[in-house]
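Source file: upload.txt (compact mmCIF, C-alpha atoms)
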# COMPACT_ATOMS: atom_id res chain seq x y z
CA MET A 1 20.79 12.56 -11.47
CA ASN A 2 23.81 14.67 -10.72
CA GLU A 3 27.14 13.48 -9.41
CA ALA A 4 26.45 14.82 -5.92
CA SER A 5 23.28 12.70 -5.58
CA GLU A 6 25.16 9.64 -6.77
CA GLN A 7 27.91 10.31 -4.26
CA ILE A 8 25.47 10.90 -1.41
CA SER A 9 23.95 7.45 -1.71
CA ALA A 10 27.31 5.77 -2.36
CA TYR A 11 28.72 7.51 0.73
CA LEU A 12 25.76 6.63 2.96
CA LEU A 13 25.78 3.04 1.72
CA GLY A 14 29.49 2.77 2.51
CA GLU A 15 30.41 2.14 -1.10
CA LEU A 16 33.06 4.82 -1.57
CA ASP A 17 36.65 3.71 -1.25
CA PRO A 18 38.55 5.40 1.62
CA GLU A 19 40.14 8.01 -0.61
CA ARG A 20 36.86 9.06 -2.27
CA ALA A 21 35.07 8.95 1.09
CA ALA A 22 37.66 11.34 2.53
CA ASP A 23 37.25 13.65 -0.50
CA PHE A 24 33.51 13.60 -0.04
CA GLU A 25 33.79 14.38 3.66
CA ARG A 26 36.01 17.38 2.89
CA ARG A 27 33.37 18.53 0.44
CA LEU A 28 30.69 18.03 3.08
CA ALA A 29 32.57 20.15 5.54
CA GLY A 30 32.45 23.10 3.16
CA ASP A 31 28.97 22.67 1.72
CA ALA A 32 26.12 23.24 4.17
CA GLU A 33 23.39 22.30 1.71
CA LEU A 34 25.05 19.01 0.84
CA ARG A 35 25.65 18.31 4.52
CA GLU A 36 22.01 18.95 5.30
CA GLU A 37 20.89 16.51 2.60
CA VAL A 38 23.25 13.80 3.87
CA GLU A 39 22.17 14.24 7.48
CA TRP A 40 18.53 14.15 6.41
CA LEU A 41 19.00 10.78 4.70
CA ARG A 42 21.47 9.20 7.12
CA PRO A 43 18.95 8.07 9.80
CA LEU A 44 16.82 6.42 7.13
CA VAL A 45 19.76 4.35 5.91
CA GLY A 46 20.37 3.29 9.51
CA ARG A 47 16.75 2.29 9.93
CA LEU A 48 16.76 0.28 6.72
CA GLU A 49 19.95 -1.48 7.85
CA ARG A 50 18.31 -2.40 11.16
CA MET A 51 15.05 -3.53 9.64
CA PRO A 52 14.32 -7.11 10.74
CA ALA A 53 14.47 -9.76 8.04
CA GLU A 54 10.83 -10.63 8.78
CA ALA A 55 9.80 -7.12 7.76
CA TRP A 56 11.14 -7.66 4.27
CA GLU A 57 9.15 -10.88 3.89
CA PRO A 58 6.12 -10.36 6.14
CA ALA A 59 4.16 -13.38 7.31
CA GLU A 60 0.61 -13.77 6.08
CA PRO A 61 -1.80 -12.47 8.73
CA PRO A 62 -4.74 -14.58 9.90
CA PRO A 63 -8.13 -13.82 8.35
CA LEU A 64 -9.91 -10.91 9.96
CA ALA A 65 -12.49 -11.96 12.52
CA MET A 66 -15.25 -9.40 12.15
CA PRO A 67 -16.42 -7.87 15.44
CA PRO A 68 -19.51 -9.66 16.82
CA GLU A 69 -21.69 -6.58 16.47
CA VAL A 70 -21.02 -6.47 12.72
CA GLY A 71 -23.31 -9.45 12.32
CA THR A 72 -26.22 -7.16 13.07
CA GLU A 73 -25.06 -4.43 10.71
CA SER A 74 -24.51 -4.45 7.03
CA ALA A 75 -22.29 -2.37 4.84
CA PRO A 76 -23.72 1.07 4.03
CA ALA A 77 -23.75 0.17 0.37
CA GLU A 78 -26.06 -2.73 1.12
CA ARG A 79 -28.41 -1.09 3.58
CA GLY A 80 -32.01 -0.27 2.91
CA PRO A 81 -33.57 3.09 2.10
CA GLY A 82 -32.39 4.59 5.38
CA ARG A 83 -28.74 4.30 4.44
CA ARG A 84 -26.60 7.22 3.41
CA ARG A 85 -27.29 7.40 -0.28
CA LEU A 86 -24.42 7.46 -2.67
CA ARG A 87 -24.94 10.50 -4.81
CA LEU A 88 -25.33 9.73 -8.46
CA PRO A 89 -26.86 12.85 -9.97
CA THR A 90 -24.70 12.87 -13.03
CA LEU A 91 -23.56 9.29 -13.18
CA THR A 92 -25.25 7.26 -15.82
CA LEU A 93 -24.13 3.84 -16.82
CA ARG A 94 -23.69 4.22 -20.50
CA PRO A 95 -23.41 0.94 -22.36
CA LEU A 96 -20.68 0.81 -24.95
CA PRO A 97 -21.68 0.18 -28.55
CA ALA A 98 -22.21 -3.50 -29.17
CA ALA A 99 -19.18 -3.81 -31.43
CA GLY A 100 -16.98 -2.20 -28.85
CA LEU A 101 -18.50 -4.32 -26.16
CA ALA A 102 -17.28 -7.45 -27.82
CA THR A 103 -13.70 -6.28 -27.95
CA LEU A 104 -13.46 -4.09 -24.92
CA LEU A 105 -15.53 -5.56 -22.15
CA VAL A 106 -14.17 -9.04 -22.22
CA ALA A 107 -13.33 -10.93 -19.10
CA ILE A 108 -10.52 -13.22 -20.00
CA GLY A 109 -11.11 -16.04 -17.55
CA LEU A 110 -9.73 -17.42 -14.41
CA VAL A 111 -6.10 -18.33 -14.47
CA ALA A 112 -6.53 -19.45 -10.89
CA GLY A 113 -8.38 -22.52 -12.06
CA LEU A 114 -5.43 -23.49 -14.21
CA LEU A 115 -3.10 -23.00 -11.29
CA VAL A 116 -5.18 -25.18 -9.03
CA ALA A 117 -5.12 -27.81 -11.74
CA GLY A 118 -1.36 -27.44 -12.00
CA GLY A 119 -1.47 -26.15 -15.54
CA GLY A 120 -0.13 -22.96 -17.07
CA SER A 121 2.84 -20.86 -16.11
CA ALA A 122 1.09 -17.77 -14.87
CA GLU A 123 2.11 -15.89 -11.73
CA PRO A 124 1.13 -17.86 -8.64
CA ASP A 125 -1.47 -15.37 -7.50
CA SER A 126 -2.86 -14.46 -10.89
CA GLY A 127 -6.62 -14.41 -11.19
CA ALA A 128 -9.14 -12.85 -13.52
CA GLU A 129 -8.03 -10.24 -16.00
CA LEU A 130 -10.52 -7.60 -17.01
CA VAL A 131 -10.17 -5.36 -20.01
CA LEU A 132 -11.28 -1.75 -19.63
CA GLY A 133 -12.48 0.26 -22.58
CA ARG A 134 -12.87 3.97 -23.08
CA ILE A 135 -16.25 5.31 -22.13
CA ASP A 136 -17.80 8.56 -23.34
CA ASP A 137 -15.79 10.92 -21.16
CA GLY A 138 -12.50 9.12 -21.77
CA PRO A 139 -9.94 10.35 -24.28
CA ALA A 140 -9.62 8.52 -27.59
CA GLY A 141 -7.09 5.73 -27.27
CA ALA A 142 -7.54 5.32 -23.52
CA SER A 143 -7.41 1.73 -22.35
CA GLY A 144 -6.72 -0.29 -19.27
CA ASP A 145 -6.69 -3.69 -17.74
CA VAL A 146 -7.16 -5.07 -14.29
CA GLU A 147 -5.61 -8.23 -12.96
CA VAL A 148 -7.44 -9.45 -9.90
CA ALA A 149 -5.36 -11.65 -7.57
CA ALA A 150 -6.64 -15.19 -7.30
CA ASN A 151 -7.80 -14.60 -3.72
CA ASP A 152 -9.68 -11.46 -4.85
CA SER A 153 -8.01 -9.36 -2.17
CA ARG A 154 -6.21 -6.94 -4.47
CA ALA A 155 -5.90 -6.01 -8.10
CA THR A 156 -3.31 -4.44 -10.32
CA LEU A 157 -4.73 -1.73 -12.53
CA VAL A 158 -2.80 -0.54 -15.58
CA VAL A 159 -4.14 2.39 -17.58
CA GLU A 160 -2.80 4.03 -20.71
CA GLY A 161 -3.75 6.93 -22.91
CA LEU A 162 -5.45 8.95 -20.19
CA ASP A 163 -5.14 12.70 -20.01
CA PRO A 164 -2.53 13.88 -17.48
CA ASN A 165 -4.14 15.08 -14.25
CA GLY A 166 -4.24 18.75 -13.49
CA SER A 167 -3.11 19.79 -10.03
CA ASP A 168 -6.69 19.63 -8.73
CA GLN A 169 -7.71 16.33 -10.29
CA PHE A 170 -7.12 12.64 -9.83
CA TYR A 171 -8.46 9.37 -11.12
CA GLU A 172 -10.35 6.92 -8.94
CA ALA A 173 -11.05 3.20 -9.38
CA TRP A 174 -14.48 1.82 -8.46
CA LEU A 175 -16.55 -1.31 -8.44
CA LEU A 176 -20.09 -0.38 -9.35
CA ASP A 177 -23.51 -1.71 -10.19
CA ALA A 178 -26.20 -0.54 -12.53
CA ASP A 179 -28.42 0.17 -9.52
CA GLY A 180 -25.94 2.70 -8.12
CA LYS A 181 -24.24 0.52 -5.52
CA MET A 182 -20.54 1.27 -5.65
CA ILE A 183 -17.34 1.13 -3.72
CA ALA A 184 -14.23 3.25 -4.14
CA LEU A 185 -11.03 1.23 -4.40
CA GLY A 186 -8.32 3.84 -4.59
CA SER A 187 -7.14 6.97 -6.31
CA PHE A 188 -4.14 7.62 -8.49
CA ARG A 189 -2.67 10.27 -10.70
CA VAL A 190 -1.48 10.14 -14.27
CA GLY A 191 1.48 12.13 -15.52
CA GLU A 192 2.54 13.30 -18.95
CA ASP A 193 2.97 9.74 -20.23
CA GLY A 194 -0.75 9.10 -19.69
CA ARG A 195 0.06 5.86 -17.94
CA ALA A 196 -0.24 4.49 -14.42
CA GLU A 197 0.12 1.14 -12.72
CA VAL A 198 -1.35 0.86 -9.25
CA GLN A 199 -2.35 -1.84 -6.83
CA VAL A 200 -5.74 -1.42 -5.23
CA PRO A 201 -7.31 -3.48 -2.44
CA ILE A 202 -10.45 -5.42 -3.38
CA PRO A 203 -12.35 -5.62 -0.10
CA VAL A 204 -15.33 -7.45 -1.60
CA SER A 205 -15.69 -10.03 -4.32
CA PRO A 206 -15.72 -8.21 -7.70
CA ALA A 207 -18.40 -10.67 -8.77
CA GLN A 208 -20.84 -8.79 -6.51
CA TYR A 209 -20.55 -5.79 -8.82
CA THR A 210 -21.19 -5.40 -12.54
CA PHE A 211 -18.45 -3.01 -13.61
CA PHE A 212 -14.91 -1.95 -12.84
CA ASP A 213 -14.86 1.76 -13.48
CA VAL A 214 -12.30 4.57 -13.55
CA SER A 215 -13.54 8.09 -12.95
CA LEU A 216 -11.95 11.50 -13.21
CA GLN A 217 -12.44 13.30 -9.88
CA GLU A 218 -12.06 16.91 -8.88
CA ASP A 219 -10.00 17.37 -5.73
CA ASN A 220 -12.84 19.10 -3.89
CA GLY A 221 -13.18 16.84 -0.88
CA ASP A 222 -16.33 15.19 -2.20
CA PRO A 223 -15.88 11.42 -1.85
CA ALA A 224 -18.74 10.60 -4.25
CA HIS A 225 -18.25 9.41 -7.82
CA SER A 226 -17.94 12.49 -10.01
CA GLY A 227 -20.11 11.03 -12.73
CA VAL A 228 -17.26 11.44 -15.19
CA SER A 229 -16.17 7.94 -16.14
CA VAL A 230 -13.23 7.50 -18.48
CA LEU A 231 -12.75 3.72 -18.52
CA ARG A 232 -15.04 0.84 -17.73
CA GLY A 233 -15.11 -2.94 -18.05
CA SER A 234 -17.41 -5.74 -17.09
CA THR A 235 -16.43 -7.85 -14.10
CA SER A 236 -17.90 -10.99 -15.58
CA MET B 237 3.88 5.46 -11.98
CA ALA B 238 3.47 2.46 -9.72
CA GLY B 239 2.84 1.45 -6.15
CA LYS B 240 0.01 1.16 -3.70
CA ALA B 241 -2.83 3.55 -4.35
CA THR B 242 -2.74 5.22 -0.98
CA SER B 243 -3.04 8.86 -0.15
CA SER B 244 -4.09 11.02 2.73
CA ARG B 245 -7.25 11.83 0.82
CA GLU B 246 -8.03 8.15 0.55
CA GLU B 247 -7.23 7.62 4.19
CA GLY B 248 -9.61 10.40 5.12
CA ARG B 249 -12.36 8.67 3.22
CA LEU B 250 -11.55 5.31 4.75
CA ALA B 251 -11.63 6.89 8.19
CA SER B 252 -15.03 8.44 7.46
CA ARG B 253 -16.38 5.07 6.42
CA LEU B 254 -14.98 3.45 9.55
CA ARG B 255 -16.71 6.07 11.64
CA GLU B 256 -19.93 5.32 9.75
CA ARG B 257 -19.51 1.70 10.88
CA ASP B 258 -18.94 0.36 7.39
CA PRO B 259 -17.64 -3.22 7.74
CA VAL B 260 -16.16 -3.05 4.24
CA ALA B 261 -13.96 -0.20 5.43
CA LEU B 262 -12.72 -2.38 8.27
CA ARG B 263 -11.83 -5.13 5.80
CA GLN B 264 -10.11 -2.57 3.60
CA THR B 265 -8.11 -1.31 6.57
CA TYR B 266 -7.16 -4.86 7.41
CA ASP B 267 -6.11 -5.53 3.81
CA GLN B 268 -3.90 -2.46 3.89
CA LEU B 269 -2.37 -2.77 7.33
CA GLY B 270 -3.01 -6.32 8.59
CA ARG B 271 0.33 -7.63 7.32
CA ILE B 272 2.21 -4.80 8.97
CA THR B 273 0.54 -5.11 12.38
CA PHE B 274 0.75 -8.89 12.30
CA GLY B 275 4.43 -8.84 11.38
CA PHE B 276 5.11 -6.40 14.18
CA LEU B 277 3.14 -8.47 16.72
CA LEU B 278 4.77 -11.71 15.64
CA LYS B 279 8.22 -10.21 16.03
CA THR B 280 7.38 -8.52 19.32
CA LEU B 281 5.53 -11.37 20.99
CA GLY B 282 7.50 -14.22 19.41
CA ASP B 283 4.48 -16.48 19.49
CA ARG B 284 2.17 -16.96 16.53
CA GLY B 285 -0.87 -17.84 18.61
CA ALA B 286 -0.47 -14.79 20.81
CA ALA B 287 0.17 -12.59 17.78
CA GLU B 288 -3.02 -13.85 16.14
CA ASP B 289 -5.05 -13.14 19.30
CA VAL B 290 -3.63 -9.67 19.75
CA GLN B 291 -4.04 -8.95 16.03
CA GLN B 292 -7.79 -9.52 16.37
CA GLN B 293 -7.89 -7.33 19.48
CA VAL B 294 -6.16 -4.55 17.56
CA PHE B 295 -8.67 -4.52 14.73
CA LEU B 296 -11.59 -4.87 17.13
CA GLU B 297 -10.29 -1.72 18.76
CA VAL B 298 -9.87 -0.03 15.37
CA TRP B 299 -13.54 -0.80 14.72
CA ARG B 300 -14.84 0.27 18.11
CA ARG B 301 -12.70 3.38 18.47
CA ALA B 302 -12.87 4.55 14.86
CA GLU B 303 -14.48 7.82 15.86
CA SER B 304 -11.38 8.73 17.85
CA PHE B 305 -9.14 8.62 14.78
CA ASP B 306 -8.46 12.11 13.52
CA PRO B 307 -6.70 12.21 10.12
CA GLU B 308 -5.60 15.77 10.90
CA ARG B 309 -3.50 14.50 13.78
CA GLY B 310 -1.75 11.63 12.07
CA SER B 311 -2.05 8.88 9.52
CA LEU B 312 -4.19 5.77 9.80
CA LEU B 313 -1.00 3.70 9.80
CA THR B 314 0.37 5.59 12.79
CA TRP B 315 -2.91 5.32 14.66
CA VAL B 316 -3.29 1.59 14.05
CA MET B 317 0.36 0.96 14.94
CA THR B 318 -0.12 2.89 18.18
CA ILE B 319 -2.97 0.55 19.08
CA ALA B 320 -0.88 -2.51 18.09
CA ARG B 321 2.05 -1.33 20.20
CA SER B 322 -0.16 -0.72 23.24
CA ARG B 323 -1.86 -4.10 22.98
CA ALA B 324 1.53 -5.80 22.54
CA ILE B 325 2.82 -4.15 25.71
CA ASP B 326 -0.35 -5.14 27.58
CA HIS B 327 0.08 -8.72 26.45
CA LEU B 328 3.74 -8.89 27.48
CA ARG B 329 2.95 -7.42 30.90
CA ARG B 330 0.18 -9.92 31.51
CA ARG B 331 2.09 -12.96 30.36
CA VAL B 332 3.12 -15.52 32.94
CA PRO B 333 6.77 -16.52 32.45
CA GLU B 334 7.09 -19.85 30.73
CA PRO B 335 9.87 -21.88 29.09
CA LEU B 336 10.92 -20.16 25.89
CA ASP B 337 11.12 -21.77 22.52
CA PRO B 338 14.82 -21.44 21.56
CA GLU B 339 13.76 -20.27 18.10
CA THR B 340 11.95 -17.26 19.51
CA ALA B 341 13.66 -16.75 22.86
CA ALA B 342 15.94 -13.97 21.68
CA THR B 343 13.10 -12.03 20.14
CA ARG B 344 10.87 -12.39 23.15
CA THR B 345 13.59 -11.47 25.59
CA ASP B 346 14.53 -8.46 23.53
CA ALA B 347 10.97 -7.41 22.97
CA GLY B 348 10.08 -7.93 26.57
CA GLY B 349 13.04 -5.83 27.59
CA GLY B 350 11.17 -2.58 27.45
CA ALA B 351 8.88 -0.17 25.73
CA GLU B 352 11.79 1.41 23.87
CA GLU B 353 12.58 -1.77 21.99
CA ILE B 354 8.92 -2.22 21.14
CA GLU B 355 8.74 1.36 19.98
CA GLU B 356 11.75 0.78 17.73
CA LEU B 357 10.12 -2.33 16.27
CA ALA B 358 6.88 -0.44 15.67
CA GLU B 359 8.84 2.24 13.84
CA GLN B 360 10.52 -0.38 11.68
CA TRP B 361 7.20 -1.89 10.71
CA ARG B 362 5.77 1.52 9.96
CA LEU B 363 8.73 2.01 7.63
CA ARG B 364 7.92 -1.34 6.05
CA ASP B 365 4.47 -0.11 5.12
CA LEU B 366 5.90 3.04 3.57
CA LEU B 367 8.26 0.93 1.48
CA ASP B 368 5.20 -0.67 -0.09
CA ARG B 369 4.09 2.74 -1.28
CA LEU B 370 7.25 3.42 -3.26
CA PRO B 371 7.33 2.87 -7.01
CA GLU B 372 8.11 -0.81 -7.43
CA ALA B 373 11.46 -0.29 -9.16
CA GLU B 374 12.74 1.91 -6.34
CA ALA B 375 11.43 -0.42 -3.60
CA GLU B 376 13.18 -3.32 -5.30
CA MET B 377 16.51 -1.48 -5.27
CA LEU B 378 16.17 -0.85 -1.54
CA ARG B 379 15.20 -4.47 -0.93
CA LEU B 380 18.19 -5.79 -2.86
CA ARG B 381 20.52 -3.42 -1.05
CA PHE B 382 19.28 -3.70 2.52
CA TYR B 383 17.76 -7.18 2.59
CA GLY B 384 19.82 -8.82 -0.16
CA GLU B 385 22.93 -7.01 1.12
CA LEU B 386 24.14 -6.36 -2.43
CA THR B 387 26.18 -3.35 -3.46
CA GLN B 388 24.89 -1.14 -6.24
CA SER B 389 27.41 -2.69 -8.63
CA GLU B 390 26.30 -6.18 -7.64
CA ILE B 391 22.66 -5.22 -8.17
CA SER B 392 23.51 -3.85 -11.60
CA ALA B 393 25.30 -7.07 -12.58
CA ARG B 394 22.69 -9.38 -11.12
CA GLU B 395 19.63 -7.59 -12.48
CA GLY B 396 21.18 -6.58 -15.80
CA ILE B 397 20.35 -2.93 -15.13
CA PRO B 398 22.86 -0.17 -16.00
CA LEU B 399 24.73 1.00 -12.90
CA GLY B 400 23.60 4.57 -13.48
CA THR B 401 19.95 3.45 -13.39
CA VAL B 402 20.55 1.52 -10.17
CA LYS B 403 22.11 4.59 -8.58
CA THR B 404 19.28 6.84 -9.72
CA ARG B 405 16.59 4.48 -8.44
CA MET B 406 18.45 4.00 -5.17
CA PHE B 407 18.82 7.71 -4.52
CA ASN B 408 15.27 8.51 -5.61
CA GLY B 409 13.93 5.67 -3.47
CA LEU B 410 15.79 6.88 -0.39
CA ARG B 411 14.69 10.44 -0.93
CA ARG B 412 11.06 9.56 -1.59
CA LEU B 413 10.94 7.30 1.45
CA ARG B 414 12.41 10.01 3.62
CA GLU B 415 9.80 12.46 2.34
CA MET B 416 7.06 9.97 3.20
CA ILE B 417 8.40 9.64 6.73
CA ASP B 418 8.40 13.42 7.12
CA GLU B 419 4.84 13.54 5.83
CA GLU B 420 3.78 10.75 8.22
CA ASP B 421 5.41 12.53 11.11
CA GLY B 422 3.83 15.81 10.10
CA SER B 423 7.13 17.62 9.70
Could you express the structure from this file as structure tokens?
Amino acid sequence: MNEASEQISAYLLGELDPERAADFERRLAGDAELREEVEWLRPLVGRLERMPAEAWEPAEPPPLAMPPEVGTESAPAERGPGRRRLRLPTLTLRPLPAAGLATLLVAIGLVAGLLVAGGGSAEPDSGAELVLGRIDDGPAGASGDVEVAANDSRATLVVEGLDPNGSDQFYEAWLLDADGKMIALGSFRVGEDGRAEVQVPIPVSPAQYTFFDVSLQEDNGDPAHSGVSVLRGSTS
Amino acid sequence: MAGKATSSREEGRLASRLRERDPVALRQTYDQLGRITFGFLLKTLGDRGAAEDVQQQVFLEVWRRAESFDPERGSLLTWVMTIARSRAIDHLRRRVPEPLDPETAATRTDAGGGAEEIEELAEQWRLRDLLDRLPEAEAEMLRLRFYGELTQSEISAREGIPLGTVKTRMFNGLRRLREMIDEEDGS
């Protein structure tokens, strides 16, 4: 970060002493580009300063009451033959070698149980941790893990050793079953360090699916699984 | 790389699934935005019971009007917040005056003062959602500065992070957030 950037935030945050603030304002007067940057950021600082305290610590919302008509419908992924089929032409669920299975596809157990029992010192909302192993299309050394919050509503996915995304690619997290039922959880990109940490919502219980899967997707507007899985782990 | 896995691409897909009447998509939308709309309604209406009722109305409307959401015209967040703001105004207009709880009186009076104040609150809560999409380290700097009311030097001392790192994260966080707002607003 250059000195100008440092000064911009210090100035907008009111952290420059009067003499340095005056210097900076003189500089602003003669530098249109700098002035533009400051004026672009200034309203945001004002909005953050006015943000209500409750917004920083939002209250927990009530559970969602599903609309009455939903009772007569089911999720597309669970409908009968008439449903919109998820396309799986190239997706095959390839089991890992048995030796790898033992080390890679291990579900580590429910920390939530310990918390309920008052034991352990884990994070309050920690739940199951799943270990993801490289699958055929994944680069050597790729790995990941998923920590599912105790209430199953979200998960933190950490991946390492993946190939950096090209400009027209991204990775996508899925819950999927051997019979082709699947649900997309969220997409993310990996940079040069091959690493990413993302939070994804878990709208259904992971126990309803067999695998947590990470696929490499082409940015072609097709929402279906590409069939190119790079990481996978058992949900149980 | 950190933060909520949210993108316009993902939103487009979520919107498609909502239009296909996929209940899982509704739950997913609620998981993503329920805290934001509820926080906004609670602040605006100043009454938890009313906020809970209106919250359900909002997501019922999201479900029933999903086909009217056009990702090309704005984000899902903006669309859902527009519904929340409208339902909040409807509720305040319908409400029969009653003795105010001193704890919430100021909020309710302010919020009931006019659409402009409600609009401002909706904008603040929209900003709150965008904060969640920042890399965690940058969001934390902004939280400590604007909620914790700490200076950058105080953050550095308290968190044991070099001052230069604090300044970098602060500036990058502000810039990234501003870019997100521009993207949301389509500018």
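Of the listed residues (B:Ser304, B:Gln360, B:Ser392, B:Gln293), B:Gln360 comes nearest to chain A; the distances count all atoms listed in the file.
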Q) Contacts of range 194-206 of chain A at 8 Å or less, counting all atoms listed in the file, minus same-chain residues fewer than 3 places along, as a PyMOL selection string? A) (chain A and resi 152-164+175+185-186+188-191+209-210+235) or (chain B and resi 237-241+260-261+263-264+267-268)
Leaving out range 43-48 of chain A and any residue of its chain fewer than 6 positions from it, which residues lie within 12 Å of it when counting all atoms listed in the file, given as a compact mmCIF listing (two decimals) with C-alpha atoms, in the coordinates of the input?
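Saved as result.txt:
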# COMPACT_ATOMS: atom_id res chain seq x y z
CA ILE A 8 25.47 10.90 -1.41
CA SER A 9 23.95 7.45 -1.71
CA ALA A 10 27.31 5.77 -2.36
CA TYR A 11 28.72 7.51 0.73
CA LEU A 12 25.76 6.63 2.96
CA LEU A 13 25.78 3.04 1.72
CA GLY A 14 29.49 2.77 2.51
CA GLU A 37 20.89 16.51 2.60
CA ALA A 55 9.80 -7.12 7.76
CA TRP A 56 11.14 -7.66 4.27
CA GLU B 356 11.75 0.78 17.73
CA LEU B 357 10.12 -2.33 16.27
CA ALA B 358 6.88 -0.44 15.67
CA GLU B 359 8.84 2.24 13.84
CA GLN B 360 10.52 -0.38 11.68
CA TRP B 361 7.20 -1.89 10.71
CA ARG B 362 5.77 1.52 9.96
CA LEU B 363 8.73 2.01 7.63
CA ARG B 364 7.92 -1.34 6.05
CA LEU B 366 5.90 3.04 3.57
CA LEU B 367 8.26 0.93 1.48
CA ALA B 375 11.43 -0.42 -3.60
CA LEU B 378 16.17 -0.85 -1.54
CA ARG B 379 15.20 -4.47 -0.93
CA LEU B 380 18.19 -5.79 -2.86
CA ARG B 381 20.52 -3.42 -1.05
CA PHE B 382 19.28 -3.70 2.52
CA TYR B 383 17.76 -7.18 2.59
CA GLY B 384 19.82 -8.82 -0.16
CA GLU B 385 22.93 -7.01 1.12
CA MET B 406 18.45 4.00 -5.17
CA PHE B 407 18.82 7.71 -4.52
CA GLY B 409 13.93 5.67 -3.47
CA LEU B 410 15.79 6.88 -0.39
CA ARG B 411 14.69 10.44 -0.93
CA ARG B 412 11.06 9.56 -1.59
CA LEU B 413 10.94 7.30 1.45
CA ARG B 414 12.41 10.01 3.62
CA GLU B 415 9.80 12.46 2.34
CA MET B 416 7.06 9.97 3.20
CA ILE B 417 8.40 9.64 6.73
CA ASP B 418 8.40 13.42 7.12
Q: Show which residues sit within 8 Å of Phe295 in chain B, as a ChimeraX atom specification. Count only C-alpha atoms, and ignore same-chain residues fewer than 3 positions away.
A: /B:262,266,291-292,298-299
**Q.** Among the residues B:Asp283, B:Asp368, B:Glu390, B:Glu308, the one that comes closest to Glu15 in chain A [using all atoms listed in the file]
**A.** B:Glu390
(Q) Between CA of Glu353 in chain B and CA of Ile325 in chain B, what is the distance in Å, rounded to a tenth? (A) 10.7 Å
Q. Quick one: of B:Asp306, B:Glu419, B:Glu247, B:Glu288, who's nearest to chain A, counting only C-alpha atoms?
A.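 Among the listed residues, B:Glu288 lies closest to chain A.
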Q | Minimum-distance residue to Asn2 in chain A, chosen among B:Gly400, B:Thr265, B:Asp421, B:Thr387 (using all atoms listed in the file) | A |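 Closest candidate: B:Gly400.
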Q. B:Leu370, B:Ala324, B:Met317, B:Ile397: which is nearest chain A, counting all atoms listed in the file?
A.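 Distance minimum relative to chain A lands on B:Leu370.
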Q: Could you please determine the separation between CA of Glu36 in chain A and CA of Gly310 in chain B in Å, to one decimal place?
A: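 So the answer is 25.8 Å.
If you look at CA of Ser143 in chain A and CA of Arg245 in chain B, they are 25.3 Å away from each other.
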What are the centre and edge lengths in Å, to one decimal, of the axis-aligned box around all listed atoms of range 170-174 of chain A with 3 Å added on each side, as JSON?
{"center_x": -10.8, "center_y": 7.2, "center_z": -9.8, "size_x": 13.4, "size_y": 16.8, "size_z": 8.7}
Q.
Which residue is closest to Gly141 in chain A? Choose from A:Leu231, A:Met182, A:Leu176, A:Ala53 and count all atoms listed in the file.
A.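 That would be A:Leu231, the residue with the smallest distance to Gly141 in chain A.
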